Amino acid sequence: MYRPRVVISRCINIEPVRYNGGIVNDHFAKKLGEFVEYVDICPEVDTGMPVPRPSVILAKVEDRIRMIEPLSRTDYTEKIEEYSVNTLNSIREVDGFLLKSKSPSCGVGDTKLYKDDLKHQVGKTNGIFADYCKKIYPYIPVEDEGRVHDEWIRRDFLTRIFTYTSLRHTIKNLSSIRDLIKFHQNNKYLLMLYSPYGQKKLGQLLANWEKVGLENIKEEYKSMFYKSLSKRPTLKSHVNVVLHIYGHFSDLLKPAEKRHIHNLIDKTLGNRVNLNTLIEYIRGFVYRFDDEYLMNQTYLNPYPAELQ
Ligand code: SF4
C-alpha cells in the first residue's frame, strides 16, 4: 500500500507549539503515522508567533472573520490568510488533512466565533487555515483529531486518503489505459458505495478513452473520482454493497449460512451488530472461495486493518 501524504497540525504529537507551550498526545494520529507521510504545519508559529503566546480568538467584524489577540487587540488575519494560501498552494501532493480541533487556525467547524466585542460567542466556525484547506482542496478530507474518534468519520477519512494515494500513484505511473481500467475494476464496489452515478460516469469515460486520449483522461478521471467520493456513505449503502458481493457466491452457500448472513444484515441495519462484523464475515467467504476479483476489491480492504 502507498503511504498517503497527510498535512497535520504540528502540535499533534510532533512539537509543543500550542499557545501555552503544550502538545496534544493523540493515539490515533500516532498509529496513523506508521502508515502515512506527515507534512506538519503550524500557521501561528510559522508566521512568527512565539511559544508560549497570548491566545488568539476569531471574531466577526463587519461581516468578516478576523483573528485577534484580545488583550493587545493585535489582528493576525492577513498574516495567517497569506500563510494559508502560500503553504497550501506549495504542497504538491496531498491526500488528507488532520488538524487540531477548536483552534482559531486549525479547528474544523468547532472553533468559537465571537462578536466584535471579543467577549460574546455568536457561533462556531472553521479555523482560518482549515477554511482555506477546504476552499483550495474541496475534495480532499479535512478532519480534526477530535472528529476522527467518530467511527463513521474515521472510516470515511481513512478510506479516502488511502484510495486517493493509490489513484495518485496509478496516474503518475500510468503507461497504458489498462492500468486505469484495473484501478477502476478494483474500486468497483467502493465507487458503488459512495456514488453509483459516479461509478457509471467513470465507466463511460474509460469506455470512450480513445476520444479523450491517454493524457487528458488522467485529469478527467481523477477529478470525477474525487467528486464521486465526496459524500459520506450511509449504513444502507454499505449493506447494498455487501449484498452485491454476497451475490457472487450466494449459490455456493448452505441454507443455514444464507440465513445467518441475512440475520446479520438485519442486525447491522438495526444497529445491533457493528458493520465491521458483517464485512469481516463476508470477507471470510471471499477467501474461502478464493475469488480473485473480490479479493482485489478495495471495499473489503480500504486501509490497513491495524487502523480499524
Ligand atoms: S492548533 Fe495549529 S496553530 Fe495552534 S499550535 Fe497547533 S498547529 Fe499551531
# chains A, B, ... in the order shown; residues from 1 in each chain; ligands from 1
call {"tool": "residues_around", "arguments": {"residues": "segment 247-264 of chain A", "least_positions_apart": "3", "cutoff": "9 Å", "atoms": "only C-alpha atoms", "output": "list in words"}}
result
Val242, Leu243, His244, Lys267, Thr268, Leu269, Arg272, Val273, Thr277, Leu278, Tyr281, Ile282, Phe285, Val286, Phe289, Asp291 and Leu294 of chain A
call {"tool": "residues_near_ligand", "arguments": {"ligand": "ligand 1", "cutoff": "9 Å", "atoms": "only C-alpha atoms and all ligand atoms", "output": "VMD selection string"}}
result
chain A and resid 8 to 12 15 to 24 40 to 46 51 99 to 107 127 129
call {"tool": "write_last_selection", "arguments": {"atoms": "N, CA and C atoms", "output": "tab-separated table (two decimals), in the first residue's frame"}}
result
chain	number	residue	atom	x	y	z
A	8	ILE	N	-0.62	17.64	8.82
A	8	ILE	CA	-1.03	17.52	10.23
A	8	ILE	C	-0.62	18.78	11.01
A	9	SER	N	-1.45	19.16	11.97
A	9	SER	CA	-1.09	20.27	12.86
A	9	SER	C	0.11	19.83	13.70
A	10	ARG	N	1.12	20.68	13.72
A	10	ARG	CA	2.38	20.30	14.38
A	10	ARG	C	2.21	20.02	15.88
A	11	CYS	N	1.19	20.63	16.50
A	11	CYS	CA	1.02	20.42	17.95
A	11	CYS	C	0.43	19.04	18.27
A	12	ILE	N	0.05	18.28	17.23
A	12	ILE	CA	-0.44	16.91	17.49
A	12	ILE	C	0.76	15.98	17.46
A	15	GLU	N	5.42	18.62	18.06
A	15	GLU	CA	6.21	19.63	18.80
A	15	GLU	C	5.29	20.41	19.72
A	16	PRO	N	5.79	20.81	20.92
A	16	PRO	CA	4.92	21.58	21.85
A	16	PRO	C	4.80	23.04	21.41
A	17	VAL	N	4.00	23.30	20.38
A	17	VAL	CA	3.90	24.65	19.82
A	17	VAL	C	2.58	25.34	20.15
A	18	ARG	N	1.78	24.76	21.04
A	18	ARG	CA	0.49	25.40	21.35
A	18	ARG	C	0.73	26.73	22.07
A	19	TYR	N	-0.29	27.56	22.12
A	19	TYR	CA	-0.14	28.89	22.73
A	19	TYR	C	0.41	28.81	24.15
A	20	ASN	N	0.08	27.71	24.86
A	20	ASN	CA	0.53	27.57	26.25
A	20	ASN	C	1.79	26.70	26.37
A	21	GLY	N	2.42	26.42	25.24
A	21	GLY	CA	3.63	25.59	25.25
A	21	GLY	C	3.31	24.10	25.33
A	22	GLY	N	2.05	23.76	25.15
A	22	GLY	CA	1.65	22.34	25.28
A	22	GLY	C	1.68	21.60	23.95
A	23	ILE	N	1.47	20.29	24.08
A	23	ILE	CA	1.41	19.40	22.92
A	23	ILE	C	0.17	18.51	23.11
A	24	VAL	N	-0.40	18.02	22.03
A	24	VAL	CA	-1.56	17.13	22.14
A	24	VAL	C	-1.08	15.71	21.87
A	40	ASP	N	4.00	18.45	8.47
A	40	ASP	CA	3.47	19.22	9.60
A	40	ASP	C	3.51	20.72	9.34
A	41	ILE	N	2.47	21.38	9.83
A	41	ILE	CA	2.37	22.84	9.69
A	41	ILE	C	1.94	23.41	11.05
A	42	CYS	N	2.32	24.67	11.31
A	42	CYS	CA	1.76	25.39	12.45
A	42	CYS	C	1.59	26.84	11.99
A	43	PRO	N	0.40	27.19	11.54
A	43	PRO	CA	0.21	28.54	10.97
A	43	PRO	C	0.66	29.65	11.92
A	44	GLU	N	0.45	29.48	13.23
A	44	GLU	CA	0.77	30.57	14.15
A	44	GLU	C	2.28	30.71	14.33
A	45	VAL	N	2.98	29.61	14.60
A	45	VAL	CA	4.42	29.68	14.80
A	45	VAL	C	5.14	29.96	13.47
A	46	ASP	N	4.65	29.38	12.40
A	46	ASP	CA	5.29	29.58	11.09
A	46	ASP	C	5.18	31.03	10.60
A	51	VAL	N	6.29	30.90	21.25
A	51	VAL	CA	5.73	29.86	22.14
A	51	VAL	C	6.39	30.07	23.52
A	99	LEU	N	-6.14	17.99	11.46
A	99	LEU	CA	-5.82	19.25	12.14
A	99	LEU	C	-6.28	19.23	13.59
A	100	LYS	N	-5.84	20.25	14.33
A	100	LYS	CA	-6.17	20.33	15.76
A	100	LYS	C	-7.54	20.99	15.95
A	101	SER	N	-8.40	20.29	16.69
A	101	SER	CA	-9.76	20.80	16.90
A	101	SER	C	-9.77	22.12	17.68
A	102	LYS	N	-10.82	22.87	17.48
A	102	LYS	CA	-11.16	24.08	18.26
A	102	LYS	C	-10.19	25.26	18.09
A	103	SER	N	-9.12	25.08	17.33
A	103	SER	CA	-8.13	26.15	17.23
A	103	SER	C	-8.59	27.25	16.25
A	104	PRO	N	-8.27	28.52	16.54
A	104	PRO	CA	-8.63	29.61	15.62
A	104	PRO	C	-7.91	29.48	14.27
A	105	SER	N	-6.83	28.71	14.22
A	105	SER	CA	-6.16	28.48	12.94
A	105	SER	C	-6.60	27.16	12.32
A	106	CYS	N	-6.59	26.08	13.14
A	106	CYS	CA	-6.73	24.73	12.59
A	106	CYS	C	-8.09	24.07	12.81
A	107	GLY	N	-8.93	24.58	13.68
A	107	GLY	CA	-10.20	23.90	14.03
A	107	GLY	C	-11.08	23.63	12.81
A	127	GLY	N	-11.35	27.17	11.68
A	127	GLY	CA	-10.17	27.99	11.86
A	127	GLY	C	-9.77	28.53	10.48
A	129	PHE	N	-6.90	28.60	8.75
A	129	PHE	CA	-6.13	27.68	7.89
A	129	PHE	C	-7.04	26.54	7.40
call {"tool": "select_by_dssp", "arguments": {"residues": "segment 57-291 of chain A", "states": "strand (DSSP E or B)", "output": "PDB file with N, CA and C atoms, in the first residue's frame"}}
result
ATOM      1  N   ILE A  57      -8.318  34.704  19.231  1.00  0.00           N
ATOM      2  CA  ILE A  57      -9.694  34.226  19.016  1.00  0.00           C
ATOM      3  C   ILE A  57     -10.157  34.667  17.624  1.00  0.00           C
ATOM      4  N   LEU A  58     -11.278  34.084  17.183  1.00  0.00           N
ATOM      5  CA  LEU A  58     -11.887  34.532  15.927  1.00  0.00           C
ATOM      6  C   LEU A  58     -13.101  35.393  16.257  1.00  0.00           C
ATOM      7  N   ALA A  59     -13.219  36.504  15.568  1.00  0.00           N
ATOM      8  CA  ALA A  59     -14.362  37.397  15.807  1.00  0.00           C
ATOM      9  C   ALA A  59     -14.935  37.868  14.483  1.00  0.00           C
ATOM     10  N   LYS A  60     -16.252  38.071  14.495  1.00  0.00           N
ATOM     11  CA  LYS A  60     -16.910  38.558  13.283  1.00  0.00           C
ATOM     12  C   LYS A  60     -16.934  40.079  13.345  1.00  0.00           C
ATOM     13  N   VAL A  61     -16.136  40.686  12.470  1.00  0.00           N
ATOM     14  CA  VAL A  61     -16.060  42.139  12.453  1.00  0.00           C
ATOM     15  C   VAL A  61     -16.500  42.609  11.063  1.00  0.00           C
ATOM     16  N   ARG A  64     -16.734  40.027   8.361  1.00  0.00           N
ATOM     17  CA  ARG A  64     -15.537  39.235   8.032  1.00  0.00           C
ATOM     18  C   ARG A  64     -15.032  38.569   9.293  1.00  0.00           C
ATOM     19  N   ILE A  65     -14.493  37.347   9.135  1.00  0.00           N
ATOM     20  CA  ILE A  65     -13.946  36.668  10.310  1.00  0.00           C
ATOM     21  C   ILE A  65     -12.486  37.070  10.454  1.00  0.00           C
ATOM     22  N   ARG A  66     -12.161  37.585  11.648  1.00  0.00           N
ATOM     23  CA  ARG A  66     -10.797  38.063  11.866  1.00  0.00           C
ATOM     24  C   ARG A  66     -10.177  37.333  13.051  1.00  0.00           C
ATOM     25  N   MET A  67      -8.851  37.175  12.993  1.00  0.00           N
ATOM     26  CA  MET A  67      -8.134  36.539  14.108  1.00  0.00           C
ATOM     27  C   MET A  67      -7.469  37.642  14.938  1.00  0.00           C
ATOM     28  N   ILE A  68      -7.916  37.729  16.187  1.00  0.00           N
ATOM     29  CA  ILE A  68      -7.473  38.854  17.020  1.00  0.00           C
ATOM     30  C   ILE A  68      -6.973  38.347  18.369  1.00  0.00           C
ATOM     31  N   GLU A  69      -5.938  38.982  18.867  1.00  0.00           N
ATOM     32  CA  GLU A  69      -5.466  38.673  20.222  1.00  0.00           C
ATOM     33  C   GLU A  69      -6.154  39.693  21.138  1.00  0.00           C
ATOM     34  N   THR A  74      -4.185  42.920  18.759  1.00  0.00           N
ATOM     35  CA  THR A  74      -3.411  42.721  17.522  1.00  0.00           C
ATOM     36  C   THR A  74      -4.221  41.846  16.571  1.00  0.00           C
ATOM     37  N   ASP A  75      -4.243  42.223  15.306  1.00  0.00           N
ATOM     38  CA  ASP A  75      -5.021  41.498  14.295  1.00  0.00           C
ATOM     39  C   ASP A  75      -4.061  40.689  13.414  1.00  0.00           C
ATOM     40  N   GLY A  96      -4.930  14.178   2.488  1.00  0.00           N
ATOM     41  CA  GLY A  96      -5.832  14.469   3.592  1.00  0.00           C
ATOM     42  C   GLY A  96      -5.213  15.457   4.567  1.00  0.00           C
ATOM     43  N   PHE A  97      -6.074  15.991   5.448  1.00  0.00           N
ATOM     44  CA  PHE A  97      -5.624  16.930   6.485  1.00  0.00           C
ATOM     45  C   PHE A  97      -6.115  16.415   7.834  1.00  0.00           C
ATOM     46  N   LEU A  98      -5.207  16.374   8.805  1.00  0.00           N
ATOM     47  CA  LEU A  98      -5.591  16.014  10.168  1.00  0.00           C
ATOM     48  C   LEU A  98      -5.159  17.172  11.062  1.00  0.00           C
ATOM     49  N   LEU A  99      -6.136  17.991  11.464  1.00  0.00           N
ATOM     50  CA  LEU A  99      -5.822  19.247  12.140  1.00  0.00           C
ATOM     51  C   LEU A  99      -6.276  19.227  13.590  1.00  0.00           C
ATOM     52  N   THR A 111     -14.527  25.828  16.048  1.00  0.00           N
ATOM     53  CA  THR A 111     -13.789  26.926  16.687  1.00  0.00           C
ATOM     54  C   THR A 111     -14.784  28.009  17.102  1.00  0.00           C
ATOM     55  N   LYS A 112     -14.643  28.506  18.321  1.00  0.00           N
ATOM     56  CA  LYS A 112     -15.587  29.522  18.796  1.00  0.00           C
ATOM     57  C   LYS A 112     -15.454  30.803  17.978  1.00  0.00           C
ATOM     58  N   LEU A 113     -16.611  31.368  17.650  1.00  0.00           N
ATOM     59  CA  LEU A 113     -16.627  32.638  16.922  1.00  0.00           C
ATOM     60  C   LEU A 113     -17.307  33.681  17.816  1.00  0.00           C
ATOM     61  N   TYR A 114     -16.624  34.809  18.008  1.00  0.00           N
ATOM     62  CA  TYR A 114     -17.131  35.840  18.922  1.00  0.00           C
ATOM     63  C   TYR A 114     -17.685  37.043  18.153  1.00  0.00           C
ATOM     64  N   GLN A 121     -19.855  34.936  22.498  1.00  0.00           N
ATOM     65  CA  GLN A 121     -19.782  33.967  21.404  1.00  0.00           C
ATOM     66  C   GLN A 121     -21.048  34.043  20.544  1.00  0.00           C
ATOM     67  N   VAL A 122     -20.872  34.009  19.215  1.00  0.00           N
ATOM     68  CA  VAL A 122     -22.054  34.025  18.335  1.00  0.00           C
ATOM     69  C   VAL A 122     -22.233  32.708  17.593  1.00  0.00           C
ATOM     70  N   GLY A 123     -21.261  31.816  17.679  1.00  0.00           N
ATOM     71  CA  GLY A 123     -21.396  30.533  16.983  1.00  0.00           C
ATOM     72  C   GLY A 123     -20.071  29.818  16.902  1.00  0.00           C
ATOM     73  N   LYS A 124     -19.987  28.904  15.948  1.00  0.00           N
ATOM     74  CA  LYS A 124     -18.756  28.145  15.731  1.00  0.00           C
ATOM     75  C   LYS A 124     -18.401  28.188  14.255  1.00  0.00           C
ATOM     76  N   THR A 125     -17.137  28.018  13.949  1.00  0.00           N
ATOM     77  CA  THR A 125     -16.705  28.126  12.556  1.00  0.00           C
ATOM     78  C   THR A 125     -15.420  27.336  12.334  1.00  0.00           C
ATOM     79  N   VAL A 142     -10.794  16.908   5.156  1.00  0.00           N
ATOM     80  CA  VAL A 142     -10.197  17.789   6.173  1.00  0.00           C
ATOM     81  C   VAL A 142     -10.874  17.438   7.495  1.00  0.00           C
ATOM     82  N   GLU A 143     -10.130  16.830   8.398  1.00  0.00           N
ATOM     83  CA  GLU A 143     -10.698  16.421   9.688  1.00  0.00           C
ATOM     84  C   GLU A 143      -9.810  16.899  10.824  1.00  0.00           C
ATOM     85  N   ASP A 144     -10.375  16.841  12.041  1.00  0.00           N
ATOM     86  CA  ASP A 144      -9.525  17.134  13.188  1.00  0.00           C
ATOM     87  C   ASP A 144      -9.448  15.909  14.088  1.00  0.00           C
TER      88      ASP A 144
END
call {"tool": "closest_atom_pairs", "arguments": {"of": "segment 220-271 of chain A", "to": "segment 172-183 of chain A", "cutoff": "12 Å", "atoms": "only C-alpha atoms", "output": "JSON lines"}}
result
{"residue": "A:Glu220", "atom": "CA", "partner": "A:Leu180", "partner_atom": "CA", "distance": 12.0}
{"residue": "A:Tyr221", "atom": "CA", "partner": "A:Leu180", "partner_atom": "CA", "distance": 8.9}
{"residue": "A:Lys222", "atom": "CA", "partner": "A:Leu180", "partner_atom": "CA", "distance": 10.3}
{"residue": "A:Phe225", "atom": "CA", "partner": "A:Phe183", "partner_atom": "CA", "distance": 11.2}
call {"tool": "write_last_selection", "arguments": {"atoms": "N, CA and C atoms", "output": "compact mmCIF listing (two decimals), in the first residue's frame"}}
result
# COMPACT_ATOMS: atom_id res chain seq x y z
N GLU A 220 -9.16 14.06 -16.03
CA GLU A 220 -10.61 13.96 -16.03
C GLU A 220 -11.08 12.84 -15.09
N TYR A 221 -10.40 11.71 -15.16
CA TYR A 221 -10.77 10.57 -14.30
C TYR A 221 -10.56 10.95 -12.83
N LYS A 222 -9.39 11.56 -12.58
CA LYS A 222 -9.05 11.92 -11.19
C LYS A 222 -10.10 12.87 -10.60
N PHE A 225 -13.37 11.13 -10.06
CA PHE A 225 -13.26 10.14 -8.98
C PHE A 225 -13.33 10.85 -7.62
call {"tool": "atom_distance", "arguments": {"atom1": "atom CA of Lys115 of chain A", "atom2": "atom CA of Tyr132 of chain A"}}
result
21.7 Å
call {"tool": "atom_distance", "arguments": {"atom1": "atom CA of Glu93 of chain A", "atom2": "atom CA of Arg168 of chain A"}}
result
8.5 Å
call {"tool": "residues_around", "arguments": {"residues": "Pro138 of chain A", "least_positions_apart": "2", "cutoff": "12 Å", "atoms": "only C-alpha atoms", "output": "list in words"}}
result
Val94, Asp95, Gly96, Phe97, Ala130, Asp131, Tyr132, Cys133, Lys134, Lys135, Ile136, Ile140, Pro141, Val142, Ser223, Tyr226, Lys227, Leu229, Ser230 and Lys231 of chain A
call {"tool": "closest_residue", "arguments": {"among": "A:Ile91, A:Gln297, A:Pro233, A:Asn240", "to": "Lys188 of chain A", "atoms": "only C-alpha atoms"}}
result
A:Gln297
call {"tool": "atom_distance", "arguments": {"atom1": "atom CA of Thr159 of chain A", "atom2": "atom CA of Tyr303 of chain A"}}
result
6.1 Å
call {"tool": "residues_around", "arguments": {"residues": "Trp152 of chain A", "least_positions_apart": "3", "cutoff": "12 Å", "atoms": "only C-alpha atoms", "output": "mmCIF file with C-alpha atoms, in the first residue's frame"}}
result
data_model
loop_
_atom_site.group_PDB
_atom_site.id
_atom_site.type_symbol
_atom_site.label_atom_id
_atom_site.label_comp_id
_atom_site.auth_asym_id
_atom_site.auth_seq_id
_atom_site.Cartn_x
_atom_site.Cartn_y
_atom_site.Cartn_z
ATOM 1 C CA ARG A 147 -13.824 14.274 14.898
ATOM 2 C CA VAL A 148 -11.951 11.134 13.811
ATOM 3 C CA HIS A 149 -12.907 9.480 17.115
ATOM 4 C CA ARG A 155 -13.777 5.142 8.305
ATOM 5 C CA ASP A 156 -14.511 7.736 5.604
ATOM 6 C CA PHE A 157 -11.283 9.660 6.289
ATOM 7 C CA LEU A 158 -9.096 6.547 6.120
ATOM 8 C CA THR A 159 -10.870 5.115 3.081
ATOM 9 C CA ARG A 232 -20.044 10.144 3.156
ATOM 10 C CA PRO A 233 -21.918 6.853 2.583
ATOM 11 C CA THR A 234 -24.759 5.621 4.760
ATOM 12 C CA LEU A 235 -25.155 2.282 6.521
ATOM 13 C CA HIS A 238 -22.803 -0.339 2.843
ATOM 14 C CA ASN A 274 -21.293 -3.489 14.018
ATOM 15 C CA LEU A 275 -20.758 -3.096 10.267
ATOM 16 C CA ASN A 276 -17.169 -4.357 10.657
ATOM 17 C CA GLN A 308 -9.662 -0.233 12.221
#
call {"tool": "select_by_dssp", "arguments": {"residues": "segment 35-277 of chain A", "states": "helix (DSSP H, G or I)", "output": "PyMOL selection string"}}
result
chain A and resi 43-46+77-90+128-136+147-149+151-172+177-186+188-194+196-207+209-212+214-228+235-252+255-269+275-277
